[in-house]
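Reproduced below: upload.txt, with compact mmCIF, N, CA, C and O atoms.
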# COMPACT_ATOMS: atom_id res chain seq x y z
N MET U 1 -5.28 10.90 -16.02
CA MET U 1 -5.22 9.74 -15.15
C MET U 1 -4.70 10.16 -13.78
O MET U 1 -3.73 10.89 -13.66
N PHE U 2 -5.34 9.68 -12.71
CA PHE U 2 -4.93 9.98 -11.35
C PHE U 2 -3.68 9.18 -11.02
O PHE U 2 -3.60 8.00 -11.28
N LYS U 3 -2.70 9.84 -10.43
CA LYS U 3 -1.45 9.19 -10.09
C LYS U 3 -1.17 9.42 -8.61
O LYS U 3 -1.34 10.52 -8.11
N SER U 4 -0.74 8.39 -7.92
CA SER U 4 -0.45 8.50 -6.49
C SER U 4 0.88 7.83 -6.20
O SER U 4 1.23 6.83 -6.80
N THR U 5 1.62 8.40 -5.26
CA THR U 5 2.89 7.83 -4.85
C THR U 5 2.76 7.29 -3.45
O THR U 5 2.41 8.02 -2.52
N ILE U 6 3.06 6.02 -3.29
CA ILE U 6 2.92 5.36 -1.99
C ILE U 6 4.14 5.56 -1.11
O ILE U 6 4.05 5.49 0.11
N GLY U 7 5.30 5.88 -1.69
CA GLY U 7 6.55 5.99 -0.94
C GLY U 7 6.48 6.86 0.30
O GLY U 7 6.87 6.43 1.40
N PRO U 8 5.95 8.10 0.20
CA PRO U 8 5.85 8.94 1.40
C PRO U 8 4.95 8.34 2.48
O PRO U 8 5.20 8.51 3.67
N ARG U 9 3.94 7.62 2.07
CA ARG U 9 3.05 6.99 3.05
C ARG U 9 3.77 5.86 3.77
O ARG U 9 3.61 5.67 4.97
N TYR U 10 4.57 5.08 3.02
CA TYR U 10 5.37 4.04 3.66
C TYR U 10 6.35 4.67 4.64
O TYR U 10 6.51 4.19 5.76
N ALA U 11 7.01 5.74 4.24
CA ALA U 11 7.99 6.41 5.11
C ALA U 11 7.33 6.90 6.40
O ALA U 11 7.89 6.75 7.49
N ARG U 12 6.15 7.46 6.28
CA ARG U 12 5.43 7.94 7.46
C ARG U 12 5.11 6.78 8.41
O ARG U 12 5.27 6.89 9.63
N ASN U 13 4.66 5.66 7.86
CA ASN U 13 4.36 4.50 8.69
C ASN U 13 5.62 3.89 9.28
O ASN U 13 5.60 3.39 10.40
N ASP U 14 6.72 3.93 8.54
CA ASP U 14 8.01 3.47 9.09
C ASP U 14 8.37 4.28 10.32
O ASP U 14 8.80 3.73 11.34
N GLU U 15 8.22 5.60 10.24
CA GLU U 15 8.54 6.47 11.36
C GLU U 15 7.64 6.19 12.57
O GLU U 15 8.07 6.31 13.71
N LEU U 16 6.40 5.83 12.31
CA LEU U 16 5.47 5.50 13.39
C LEU U 16 5.74 4.13 14.00
O LEU U 16 5.23 3.81 15.06
N GLY U 17 6.54 3.31 13.29
CA GLY U 17 6.86 1.98 13.79
C GLY U 17 5.90 0.90 13.35
O GLY U 17 5.87 -0.19 13.92
N THR U 18 5.09 1.18 12.33
CA THR U 18 4.14 0.19 11.83
C THR U 18 4.91 -0.96 11.19
O THR U 18 5.60 -0.76 10.19
N PRO U 19 4.83 -2.18 11.74
CA PRO U 19 5.67 -3.27 11.24
C PRO U 19 5.25 -3.82 9.87
O PRO U 19 6.09 -4.25 9.09
N LEU U 20 3.95 -3.81 9.58
CA LEU U 20 3.44 -4.36 8.33
C LEU U 20 2.39 -3.42 7.76
O LEU U 20 1.60 -2.85 8.50
N VAL U 21 2.40 -3.28 6.44
CA VAL U 21 1.42 -2.43 5.77
C VAL U 21 0.80 -3.22 4.61
O VAL U 21 1.52 -3.80 3.80
N ILE U 22 -0.51 -3.24 4.56
CA ILE U 22 -1.23 -3.83 3.43
C ILE U 22 -1.69 -2.69 2.54
O ILE U 22 -2.33 -1.75 3.01
N THR U 23 -1.34 -2.76 1.25
CA THR U 23 -1.70 -1.72 0.31
C THR U 23 -2.69 -2.25 -0.72
O THR U 23 -2.44 -3.27 -1.36
N ILE U 24 -3.79 -1.53 -0.85
CA ILE U 24 -4.77 -1.79 -1.90
C ILE U 24 -4.59 -0.66 -2.90
O ILE U 24 -4.80 0.50 -2.57
N ASP U 25 -4.17 -1.00 -4.11
CA ASP U 25 -3.85 0.03 -5.10
C ASP U 25 -4.76 -0.06 -6.31
O ASP U 25 -5.71 -0.84 -6.34
N PHE U 26 -4.46 0.74 -7.31
CA PHE U 26 -5.29 0.76 -8.52
C PHE U 26 -5.30 -0.59 -9.23
O PHE U 26 -6.31 -0.98 -9.79
N ASP U 27 -4.18 -1.31 -9.18
CA ASP U 27 -4.12 -2.62 -9.82
C ASP U 27 -4.96 -3.65 -9.09
O ASP U 27 -5.39 -4.63 -9.68
N THR U 28 -5.19 -3.46 -7.80
CA THR U 28 -6.02 -4.39 -7.04
C THR U 28 -7.42 -4.47 -7.65
O THR U 28 -7.99 -5.56 -7.75
N ALA U 29 -7.94 -3.34 -8.08
CA ALA U 29 -9.26 -3.33 -8.71
C ALA U 29 -9.27 -4.11 -10.02
O ALA U 29 -10.27 -4.69 -10.39
N LYS U 30 -8.11 -4.13 -10.70
CA LYS U 30 -8.02 -4.83 -11.98
C LYS U 30 -7.76 -6.32 -11.82
O LYS U 30 -8.40 -7.14 -12.44
N ASP U 31 -6.75 -6.66 -10.97
CA ASP U 31 -6.33 -8.06 -10.93
C ASP U 31 -6.50 -8.73 -9.57
O ASP U 31 -6.23 -9.92 -9.43
N GLY U 32 -6.93 -7.98 -8.54
CA GLY U 32 -7.27 -8.58 -7.26
C GLY U 32 -6.23 -8.58 -6.16
O GLY U 32 -6.56 -8.28 -5.02
N PRO U 33 -4.96 -8.93 -6.41
CA PRO U 33 -4.00 -9.04 -5.32
C PRO U 33 -3.71 -7.71 -4.62
O PRO U 33 -3.87 -6.64 -5.19
N VAL U 34 -3.29 -7.82 -3.36
CA VAL U 34 -2.87 -6.68 -2.56
C VAL U 34 -1.38 -6.84 -2.24
O VAL U 34 -0.83 -7.92 -2.39
N THR U 35 -0.76 -5.76 -1.78
CA THR U 35 0.66 -5.78 -1.46
C THR U 35 0.85 -5.73 0.04
O THR U 35 0.17 -4.97 0.74
N LEU U 36 1.76 -6.56 0.55
CA LEU U 36 2.14 -6.57 1.96
C LEU U 36 3.59 -6.15 2.05
O LEU U 36 4.46 -6.74 1.39
N ARG U 37 3.88 -5.12 2.86
CA ARG U 37 5.24 -4.60 3.01
C ARG U 37 5.68 -4.73 4.45
O ARG U 37 4.94 -4.42 5.38
N GLU U 38 6.91 -5.19 4.64
CA GLU U 38 7.50 -5.34 5.96
C GLU U 38 8.46 -4.20 6.22
O GLU U 38 9.33 -3.91 5.39
N ARG U 39 8.31 -3.51 7.34
CA ARG U 39 9.06 -2.29 7.64
C ARG U 39 10.57 -2.49 7.70
O ARG U 39 11.32 -1.74 7.10
N ASP U 40 11.06 -3.48 8.43
CA ASP U 40 12.50 -3.59 8.68
C ASP U 40 13.30 -3.90 7.43
O ASP U 40 14.38 -3.36 7.24
N SER U 41 12.78 -4.76 6.58
CA SER U 41 13.50 -5.11 5.34
C SER U 41 13.05 -4.24 4.17
O SER U 41 13.73 -4.20 3.15
N THR U 42 11.91 -3.61 4.30
CA THR U 42 11.22 -2.84 3.25
C THR U 42 10.88 -3.71 2.04
O THR U 42 10.54 -3.20 0.99
N SER U 43 10.95 -5.02 2.20
CA SER U 43 10.57 -5.89 1.10
C SER U 43 9.05 -6.05 1.06
O SER U 43 8.36 -5.84 2.05
N GLN U 44 8.57 -6.42 -0.12
CA GLN U 44 7.13 -6.50 -0.35
C GLN U 44 6.78 -7.79 -1.09
O GLN U 44 7.58 -8.30 -1.87
N VAL U 45 5.59 -8.28 -0.81
CA VAL U 45 5.03 -9.42 -1.54
C VAL U 45 3.65 -9.04 -2.01
O VAL U 45 3.02 -8.11 -1.49
N ARG U 46 3.17 -9.75 -3.01
CA ARG U 46 1.84 -9.47 -3.55
C ARG U 46 1.10 -10.80 -3.67
O ARG U 46 1.64 -11.77 -4.20
N ALA U 47 -0.13 -10.82 -3.16
CA ALA U 47 -0.93 -12.05 -3.19
C ALA U 47 -2.40 -11.69 -3.02
O ALA U 47 -2.75 -10.52 -2.78
N ALA U 48 -3.24 -12.70 -3.10
CA ALA U 48 -4.67 -12.51 -2.89
C ALA U 48 -4.90 -12.00 -1.46
O ALA U 48 -4.13 -12.32 -0.54
N GLU U 49 -5.94 -11.23 -1.28
CA GLU U 49 -6.24 -10.63 0.02
C GLU U 49 -6.29 -11.66 1.13
O GLU U 49 -5.71 -11.46 2.21
N ASP U 50 -6.96 -12.79 0.92
CA ASP U 50 -7.07 -13.79 1.98
C ASP U 50 -5.72 -14.40 2.34
O ASP U 50 -5.46 -14.70 3.50
N GLU U 51 -4.83 -14.55 1.36
CA GLU U 51 -3.48 -15.06 1.65
C GLU U 51 -2.67 -14.06 2.47
O GLU U 51 -1.95 -14.45 3.39
N VAL U 52 -2.80 -12.79 2.16
CA VAL U 52 -2.08 -11.75 2.89
C VAL U 52 -2.60 -11.64 4.32
O VAL U 52 -1.83 -11.57 5.27
N VAL U 53 -3.91 -11.65 4.48
CA VAL U 53 -4.50 -11.57 5.82
C VAL U 53 -4.05 -12.78 6.65
O VAL U 53 -3.69 -12.63 7.82
N GLN U 54 -4.05 -13.96 6.07
CA GLN U 54 -3.61 -15.15 6.80
C GLN U 54 -2.14 -15.05 7.16
O GLN U 54 -1.73 -15.43 8.26
N ALA U 55 -1.32 -14.51 6.27
CA ALA U 55 0.11 -14.33 6.55
C ALA U 55 0.31 -13.40 7.74
O ALA U 55 1.12 -13.67 8.63
N VAL U 56 -0.45 -12.30 7.78
CA VAL U 56 -0.34 -11.36 8.90
C VAL U 56 -0.77 -12.06 10.20
O VAL U 56 -0.09 -11.95 11.22
N LYS U 57 -1.87 -12.79 10.16
CA LYS U 57 -2.32 -13.53 11.36
C LYS U 57 -1.24 -14.49 11.83
O LYS U 57 -0.96 -14.57 13.02
N ASN U 58 -0.62 -15.22 10.89
CA ASN U 58 0.42 -16.18 11.25
C ASN U 58 1.61 -15.49 11.90
O ASN U 58 2.18 -16.00 12.87
N MET U 59 2.00 -14.32 11.38
CA MET U 59 3.12 -13.61 11.97
C MET U 59 2.77 -13.06 13.35
O MET U 59 3.61 -13.07 14.26
N VAL U 60 1.53 -12.61 13.53
CA VAL U 60 1.11 -12.07 14.83
C VAL U 60 1.14 -13.15 15.90
O VAL U 60 1.60 -12.91 17.02
N VAL U 61 0.67 -14.35 15.58
CA VAL U 61 0.64 -15.42 16.58
C VAL U 61 1.96 -16.18 16.66
O VAL U 61 2.14 -17.02 17.53
N GLY U 62 2.88 -15.89 15.73
CA GLY U 62 4.21 -16.49 15.81
C GLY U 62 4.39 -17.83 15.11
O GLY U 62 5.39 -18.50 15.33
N THR U 63 3.44 -18.22 14.27
CA THR U 63 3.58 -19.49 13.57
C THR U 63 4.33 -19.36 12.25
O THR U 63 4.64 -20.36 11.61
N GLU U 64 4.63 -18.12 11.85
CA GLU U 64 5.35 -17.87 10.60
C GLU U 64 6.15 -16.58 10.77
O GLU U 64 5.72 -15.66 11.44
N THR U 65 7.33 -16.54 10.15
CA THR U 65 8.16 -15.34 10.16
C THR U 65 8.01 -14.61 8.84
O THR U 65 7.50 -15.17 7.86
N TRP U 66 8.50 -13.36 8.80
CA TRP U 66 8.47 -12.61 7.54
C TRP U 66 9.25 -13.35 6.46
O TRP U 66 8.83 -13.42 5.31
N GLU U 67 10.38 -13.93 6.83
CA GLU U 67 11.19 -14.66 5.85
C GLU U 67 10.41 -15.82 5.24
O GLU U 67 10.51 -16.07 4.05
N GLN U 68 9.61 -16.51 6.05
CA GLN U 68 8.80 -17.61 5.53
C GLN U 68 7.69 -17.07 4.61
O GLN U 68 7.43 -17.64 3.55
N VAL U 69 7.06 -15.99 5.02
CA VAL U 69 6.01 -15.38 4.20
C VAL U 69 6.60 -14.93 2.87
O VAL U 69 6.06 -15.22 1.80
N ALA U 70 7.73 -14.22 2.93
CA ALA U 70 8.37 -13.71 1.71
C ALA U 70 8.82 -14.85 0.81
O ALA U 70 8.88 -14.70 -0.41
N GLY U 71 9.12 -16.00 1.40
CA GLY U 71 9.54 -17.15 0.61
C GLY U 71 8.41 -17.85 -0.11
O GLY U 71 8.62 -18.50 -1.14
N ARG U 72 7.20 -17.74 0.41
CA ARG U 72 6.08 -18.46 -0.22
C ARG U 72 5.16 -17.58 -1.06
O ARG U 72 4.44 -18.08 -1.91
N LEU U 73 5.15 -16.27 -0.80
CA LEU U 73 4.34 -15.37 -1.62
C LEU U 73 5.21 -14.69 -2.67
O LEU U 73 6.42 -14.57 -2.50
N LEU U 74 4.61 -14.22 -3.72
CA LEU U 74 5.35 -13.63 -4.84
C LEU U 74 5.92 -12.26 -4.48
O LEU U 74 5.22 -11.40 -3.94
N ALA U 75 7.19 -12.08 -4.81
CA ALA U 75 7.86 -10.81 -4.52
C ALA U 75 7.27 -9.70 -5.37
O ALA U 75 6.89 -9.90 -6.52
N PHE U 76 7.22 -8.52 -4.77
CA PHE U 76 6.80 -7.31 -5.47
C PHE U 76 8.01 -6.40 -5.47
O PHE U 76 8.50 -6.02 -4.41
N VAL U 77 8.53 -6.08 -6.65
CA VAL U 77 9.77 -5.32 -6.75
C VAL U 77 9.53 -4.07 -7.58
O VAL U 77 8.97 -4.14 -8.66
N VAL U 78 9.97 -2.94 -7.05
CA VAL U 78 9.97 -1.69 -7.81
C VAL U 78 11.43 -1.29 -7.95
O VAL U 78 12.12 -1.11 -6.97
N SER U 79 11.89 -1.21 -9.18
CA SER U 79 13.29 -0.92 -9.44
C SER U 79 13.42 0.35 -10.27
O SER U 79 12.89 0.42 -11.37
N GLY U 80 14.13 1.33 -9.74
CA GLY U 80 14.34 2.58 -10.47
C GLY U 80 13.05 3.27 -10.85
O GLY U 80 12.95 3.90 -11.89
N GLY U 81 12.05 3.13 -9.97
CA GLY U 81 10.77 3.78 -10.23
C GLY U 81 9.88 3.00 -11.19
O GLY U 81 8.78 3.41 -11.50
N VAL U 82 10.36 1.84 -11.68
CA VAL U 82 9.58 1.03 -12.61
C VAL U 82 9.01 -0.15 -11.85
O VAL U 82 9.73 -0.91 -11.22
N ASP U 83 7.71 -0.30 -11.93
CA ASP U 83 7.01 -1.38 -11.26
C ASP U 83 7.22 -2.66 -12.06
O ASP U 83 6.79 -2.78 -13.19
N THR U 84 7.90 -3.64 -11.43
CA THR U 84 8.15 -4.91 -12.11
C THR U 84 7.25 -6.01 -11.56
O THR U 84 7.51 -7.18 -11.77
N ARG U 85 6.19 -5.63 -10.89
CA ARG U 85 5.29 -6.59 -10.27
C ARG U 85 4.73 -7.58 -11.29
O ARG U 85 4.66 -8.77 -11.04
N LYS U 86 4.29 -7.12 -12.44
CA LYS U 86 3.69 -8.01 -13.42
C LYS U 86 4.67 -9.08 -13.85
O LYS U 86 4.31 -10.21 -14.06
N GLU U 87 5.93 -8.71 -13.95
CA GLU U 87 6.96 -9.68 -14.27
C GLU U 87 7.05 -10.73 -13.18
O GLU U 87 7.15 -11.92 -13.44
N CYS U 88 6.98 -10.30 -11.93
CA CYS U 88 7.05 -11.22 -10.81
C CYS U 88 5.83 -12.13 -10.75
O CYS U 88 5.92 -13.26 -10.33
N LEU U 89 4.68 -11.60 -11.18
CA LEU U 89 3.46 -12.40 -11.17
C LEU U 89 3.32 -13.25 -12.42
O LEU U 89 2.34 -13.97 -12.57
N GLY U 90 4.29 -13.18 -13.29
CA GLY U 90 4.26 -14.00 -14.48
C GLY U 90 3.37 -13.46 -15.58
O GLY U 90 2.95 -14.20 -16.45
N GLY U 91 3.02 -12.19 -15.54
CA GLY U 91 2.13 -11.65 -16.56
C GLY U 91 2.69 -10.42 -17.14
O GLY U 91 2.31 -9.70 -17.90
Kindly return the structure encoded in the file as structure tokens.
Amino acid sequence: MFKSTIGPRYARNDELGTPLVITIDFDTAKDGPVTLRERDSTSQVRAAEDEVVQAVKNMVVGTETWEQVAGRLLAFVVSGGVDTRKECLGG
């Protein structure tokens, strides 16, 4: 099975100053949602692609903050190297 680590890629984008990163991973092919990560807090949410794209648009134009986005979309948490996303998504 192919295994990939996203952490170094996030770190590289953090160094470049990329404020938001959308990640399409292996689970996206299975269940559809993508992950949106905010650089300053390093927190992540997971939602349908159209919801994430709309959230980014809202933040760019200033109609929504990261805190508001994180409050309405489901949290994506990785703890101790264990992906707890399915727990957060209720599955």
| Hey, which of U:Val21, U:Ile6, U:Leu16, U:Val69 ends up closest to Glu38 in chain U? Count only N, CA, C and O atoms. |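 Of all the options, U:Val21 lies closest to Glu38 in chain U.
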| message | Taking the DSSP secondary structure from the backbone, can you list the residues of chain U that are alpha helix (DSSP H), as an MDAnalysis selection string? | response | chainID U and resid 7:16 26:31 49:61 66:72 85:88
Atoms to include: N, CA, C and O atoms. Write the selected residues as a short mmCIF file (atom, residue, chain, number, x, y, z; two decimals), in the coordinates of the input.
data_model
loop_
_atom_site.label_atom_id
_atom_site.label_comp_id
_atom_site.auth_asym_id
_atom_site.auth_seq_id
_atom_site.Cartn_x
_atom_site.Cartn_y
_atom_site.Cartn_z
N GLY U 7 5.30 5.88 -1.69
CA GLY U 7 6.55 5.99 -0.94
C GLY U 7 6.48 6.86 0.30
O GLY U 7 6.87 6.43 1.40
N PRO U 8 5.95 8.10 0.20
CA PRO U 8 5.85 8.94 1.40
C PRO U 8 4.95 8.34 2.48
O PRO U 8 5.20 8.51 3.67
N ARG U 9 3.94 7.62 2.07
CA ARG U 9 3.05 6.99 3.05
C ARG U 9 3.77 5.86 3.77
O ARG U 9 3.61 5.67 4.97
N TYR U 10 4.57 5.08 3.02
CA TYR U 10 5.37 4.04 3.66
C TYR U 10 6.35 4.67 4.64
O TYR U 10 6.51 4.19 5.76
N ALA U 11 7.01 5.74 4.24
CA ALA U 11 7.99 6.41 5.11
C ALA U 11 7.33 6.90 6.40
O ALA U 11 7.89 6.75 7.49
N ARG U 12 6.15 7.46 6.28
CA ARG U 12 5.43 7.94 7.46
C ARG U 12 5.11 6.78 8.41
O ARG U 12 5.27 6.89 9.63
N ASN U 13 4.66 5.66 7.86
CA ASN U 13 4.36 4.50 8.69
C ASN U 13 5.62 3.89 9.28
O ASN U 13 5.60 3.39 10.40
N ASP U 14 6.72 3.93 8.54
CA ASP U 14 8.01 3.47 9.09
C ASP U 14 8.37 4.28 10.32
O ASP U 14 8.80 3.73 11.34
N GLU U 15 8.22 5.60 10.24
CA GLU U 15 8.54 6.47 11.36
C GLU U 15 7.64 6.19 12.57
O GLU U 15 8.07 6.31 13.71
N LEU U 16 6.40 5.83 12.31
CA LEU U 16 5.47 5.50 13.39
C LEU U 16 5.74 4.13 14.00
O LEU U 16 5.23 3.81 15.06
N PHE U 26 -4.46 0.74 -7.31
CA PHE U 26 -5.29 0.76 -8.52
C PHE U 26 -5.30 -0.59 -9.23
O PHE U 26 -6.31 -0.98 -9.79
N ASP U 27 -4.18 -1.31 -9.18
CA ASP U 27 -4.12 -2.62 -9.82
C ASP U 27 -4.96 -3.65 -9.09
O ASP U 27 -5.39 -4.63 -9.68
N THR U 28 -5.19 -3.46 -7.80
CA THR U 28 -6.02 -4.39 -7.04
C THR U 28 -7.42 -4.47 -7.65
O THR U 28 -7.99 -5.56 -7.75
N ALA U 29 -7.94 -3.34 -8.08
CA ALA U 29 -9.26 -3.33 -8.71
C ALA U 29 -9.27 -4.11 -10.02
O ALA U 29 -10.27 -4.69 -10.39
N LYS U 30 -8.11 -4.13 -10.70
CA LYS U 30 -8.02 -4.83 -11.98
C LYS U 30 -7.76 -6.32 -11.82
O LYS U 30 -8.40 -7.14 -12.44
N ASP U 31 -6.75 -6.66 -10.97
CA ASP U 31 -6.33 -8.06 -10.93
C ASP U 31 -6.50 -8.73 -9.57
O ASP U 31 -6.23 -9.92 -9.43
N GLU U 49 -5.94 -11.23 -1.28
CA GLU U 49 -6.24 -10.63 0.02
C GLU U 49 -6.29 -11.66 1.13
O GLU U 49 -5.71 -11.46 2.21
N ASP U 50 -6.96 -12.79 0.92
CA ASP U 50 -7.07 -13.79 1.98
C ASP U 50 -5.72 -14.40 2.34
O ASP U 50 -5.46 -14.70 3.50
N GLU U 51 -4.83 -14.55 1.36
CA GLU U 51 -3.48 -15.06 1.65
C GLU U 51 -2.67 -14.06 2.47
O GLU U 51 -1.95 -14.45 3.39
N VAL U 52 -2.80 -12.79 2.16
CA VAL U 52 -2.08 -11.75 2.89
C VAL U 52 -2.60 -11.64 4.32
O VAL U 52 -1.83 -11.57 5.27
N VAL U 53 -3.91 -11.65 4.48
CA VAL U 53 -4.50 -11.57 5.82
C VAL U 53 -4.05 -12.78 6.65
O VAL U 53 -3.69 -12.63 7.82
N GLN U 54 -4.05 -13.96 6.07
CA GLN U 54 -3.61 -15.15 6.80
C GLN U 54 -2.14 -15.05 7.16
O GLN U 54 -1.73 -15.43 8.26
N ALA U 55 -1.32 -14.51 6.27
CA ALA U 55 0.11 -14.33 6.55
C ALA U 55 0.31 -13.40 7.74
O ALA U 55 1.12 -13.67 8.63
N VAL U 56 -0.45 -12.30 7.78
CA VAL U 56 -0.34 -11.36 8.90
C VAL U 56 -0.77 -12.06 10.20
O VAL U 56 -0.09 -11.95 11.22
N LYS U 57 -1.87 -12.79 10.16
CA LYS U 57 -2.32 -13.53 11.36
C LYS U 57 -1.24 -14.49 11.83
O LYS U 57 -0.96 -14.57 13.02
N ASN U 58 -0.62 -15.22 10.89
CA ASN U 58 0.42 -16.18 11.25
C ASN U 58 1.61 -15.49 11.90
O ASN U 58 2.18 -16.00 12.87
N MET U 59 2.00 -14.32 11.38
CA MET U 59 3.12 -13.61 11.97
C MET U 59 2.77 -13.06 13.35
O MET U 59 3.61 -13.07 14.26
N VAL U 60 1.53 -12.61 13.53
CA VAL U 60 1.11 -12.07 14.83
C VAL U 60 1.14 -13.15 15.90
O VAL U 60 1.60 -12.91 17.02
N VAL U 61 0.67 -14.35 15.58
CA VAL U 61 0.64 -15.42 16.58
C VAL U 61 1.96 -16.18 16.66
O VAL U 61 2.14 -17.02 17.53
N TRP U 66 8.50 -13.36 8.80
CA TRP U 66 8.47 -12.61 7.54
C TRP U 66 9.25 -13.35 6.46
O TRP U 66 8.83 -13.42 5.31
N GLU U 67 10.38 -13.93 6.83
CA GLU U 67 11.19 -14.66 5.85
C GLU U 67 10.41 -15.82 5.24
O GLU U 67 10.51 -16.07 4.05
N GLN U 68 9.61 -16.51 6.05
CA GLN U 68 8.80 -17.61 5.53
C GLN U 68 7.69 -17.07 4.61
O GLN U 68 7.43 -17.64 3.55
N VAL U 69 7.06 -15.99 5.02
CA VAL U 69 6.01 -15.38 4.20
C VAL U 69 6.60 -14.93 2.87
O VAL U 69 6.06 -15.22 1.80
N ALA U 70 7.73 -14.22 2.93
CA ALA U 70 8.37 -13.71 1.71
C ALA U 70 8.82 -14.85 0.81
O ALA U 70 8.88 -14.70 -0.41
N GLY U 71 9.12 -16.00 1.40
CA GLY U 71 9.54 -17.15 0.61
C GLY U 71 8.41 -17.85 -0.11
O GLY U 71 8.62 -18.50 -1.14
N ARG U 72 7.20 -17.74 0.41
CA ARG U 72 6.08 -18.46 -0.22
C ARG U 72 5.16 -17.58 -1.06
O ARG U 72 4.44 -18.08 -1.91
N ARG U 85 6.19 -5.63 -10.89
CA ARG U 85 5.29 -6.59 -10.27
C ARG U 85 4.73 -7.58 -11.29
O ARG U 85 4.66 -8.77 -11.04
N LYS U 86 4.29 -7.12 -12.44
CA LYS U 86 3.69 -8.01 -13.42
C LYS U 86 4.67 -9.08 -13.85
O LYS U 86 4.31 -10.21 -14.06
N GLU U 87 5.93 -8.71 -13.95
CA GLU U 87 6.96 -9.68 -14.27
C GLU U 87 7.05 -10.73 -13.18
O GLU U 87 7.15 -11.92 -13.44
N CYS U 88 6.98 -10.30 -11.93
CA CYS U 88 7.05 -11.22 -10.81
C CYS U 88 5.83 -12.13 -10.75
O CYS U 88 5.92 -13.26 -10.33
#
| task | List every residue of range 2-88 of chain U that DSSP, applied to the backbone, labels as strand (DSSP E), and write the result as a list in words. | result | Leu20, Val21, Ile22, Thr23, Val34, Thr35, Leu36, Arg37, Glu38, Gln44, Val45, Arg46, Ala47, Leu74, Ala75, Phe76, Val78, Ser79, Val82 and Asp83 of chain U
| request: Considering only N, CA, C and O atoms, return as an NGL selection string whatever protein or nucleic-acid residues lie within 5 Å of Thr23 in chain U, sequence-local ones (same chain, fewer than 5 positions apart) excluded. | output: :U and (34-36)
| message | At a cut-off of 7 Å, using only N, CA, C and O atoms, what residues contact Ala70 in chain U? Leave out same-chain residues fewer than 5 positions from it and give the result as a PyMOL selection string. | response | chain U and resi 44-45+65+75
| query | Expressed in Å to a single decimal, how great is the separation between atom C of Ser43 in chain U and atom N of Phe26 in chain U? | reply | 17.3 Å
| query | What does the distance from atom N of Arg72 in chain U to atom O of Ala11 in chain U come to in Å, to one decimal? | reply | 25.5 Å
Would you kindly identify which residues have an atom no farther than 12 Å from (6.7, -15.9, 9.4), using only C-alpha atoms and the file's own coordinates, and write them out as a compact mmCIF listing (two decimals) with N, CA, C and O atoms, keeping the file's coordinate frame?
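File point_21.txt, as written:
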# COMPACT_ATOMS: atom_id res chain seq x y z
N GLU U 38 6.91 -5.19 4.64
CA GLU U 38 7.50 -5.34 5.96
C GLU U 38 8.46 -4.20 6.22
O GLU U 38 9.33 -3.91 5.39
N VAL U 52 -2.80 -12.79 2.16
CA VAL U 52 -2.08 -11.75 2.89
C VAL U 52 -2.60 -11.64 4.32
O VAL U 52 -1.83 -11.57 5.27
N GLN U 54 -4.05 -13.96 6.07
CA GLN U 54 -3.61 -15.15 6.80
C GLN U 54 -2.14 -15.05 7.16
O GLN U 54 -1.73 -15.43 8.26
N ALA U 55 -1.32 -14.51 6.27
CA ALA U 55 0.11 -14.33 6.55
C ALA U 55 0.31 -13.40 7.74
O ALA U 55 1.12 -13.67 8.63
N VAL U 56 -0.45 -12.30 7.78
CA VAL U 56 -0.34 -11.36 8.90
C VAL U 56 -0.77 -12.06 10.20
O VAL U 56 -0.09 -11.95 11.22
N LYS U 57 -1.87 -12.79 10.16
CA LYS U 57 -2.32 -13.53 11.36
C LYS U 57 -1.24 -14.49 11.83
O LYS U 57 -0.96 -14.57 13.02
N ASN U 58 -0.62 -15.22 10.89
CA ASN U 58 0.42 -16.18 11.25
C ASN U 58 1.61 -15.49 11.90
O ASN U 58 2.18 -16.00 12.87
N MET U 59 2.00 -14.32 11.38
CA MET U 59 3.12 -13.61 11.97
C MET U 59 2.77 -13.06 13.35
O MET U 59 3.61 -13.07 14.26
N VAL U 60 1.53 -12.61 13.53
CA VAL U 60 1.11 -12.07 14.83
C VAL U 60 1.14 -13.15 15.90
O VAL U 60 1.60 -12.91 17.02
N VAL U 61 0.67 -14.35 15.58
CA VAL U 61 0.64 -15.42 16.58
C VAL U 61 1.96 -16.18 16.66
O VAL U 61 2.14 -17.02 17.53
N GLY U 62 2.88 -15.89 15.73
CA GLY U 62 4.21 -16.49 15.81
C GLY U 62 4.39 -17.83 15.11
O GLY U 62 5.39 -18.50 15.33
N THR U 63 3.44 -18.22 14.27
CA THR U 63 3.58 -19.49 13.57
C THR U 63 4.33 -19.36 12.25
O THR U 63 4.64 -20.36 11.61
N GLU U 64 4.63 -18.12 11.85
CA GLU U 64 5.35 -17.87 10.60
C GLU U 64 6.15 -16.58 10.77
O GLU U 64 5.72 -15.66 11.44
N THR U 65 7.33 -16.54 10.15
CA THR U 65 8.16 -15.34 10.16
C THR U 65 8.01 -14.61 8.84
O THR U 65 7.50 -15.17 7.86
N TRP U 66 8.50 -13.36 8.80
CA TRP U 66 8.47 -12.61 7.54
C TRP U 66 9.25 -13.35 6.46
O TRP U 66 8.83 -13.42 5.31
N GLU U 67 10.38 -13.93 6.83
CA GLU U 67 11.19 -14.66 5.85
C GLU U 67 10.41 -15.82 5.24
O GLU U 67 10.51 -16.07 4.05
N GLN U 68 9.61 -16.51 6.05
CA GLN U 68 8.80 -17.61 5.53
C GLN U 68 7.69 -17.07 4.61
O GLN U 68 7.43 -17.64 3.55
N VAL U 69 7.06 -15.99 5.02
CA VAL U 69 6.01 -15.38 4.20
C VAL U 69 6.60 -14.93 2.87
O VAL U 69 6.06 -15.22 1.80
N ALA U 70 7.73 -14.22 2.93
CA ALA U 70 8.37 -13.71 1.71
C ALA U 70 8.82 -14.85 0.81
O ALA U 70 8.88 -14.70 -0.41
N GLY U 71 9.12 -16.00 1.40
CA GLY U 71 9.54 -17.15 0.61
C GLY U 71 8.41 -17.85 -0.11
O GLY U 71 8.62 -18.50 -1.14
N ARG U 72 7.20 -17.74 0.41
CA ARG U 72 6.08 -18.46 -0.22
C ARG U 72 5.16 -17.58 -1.06
O ARG U 72 4.44 -18.08 -1.91
N LEU U 73 5.15 -16.27 -0.80
CA LEU U 73 4.34 -15.37 -1.62
C LEU U 73 5.21 -14.69 -2.67
O LEU U 73 6.42 -14.57 -2.50
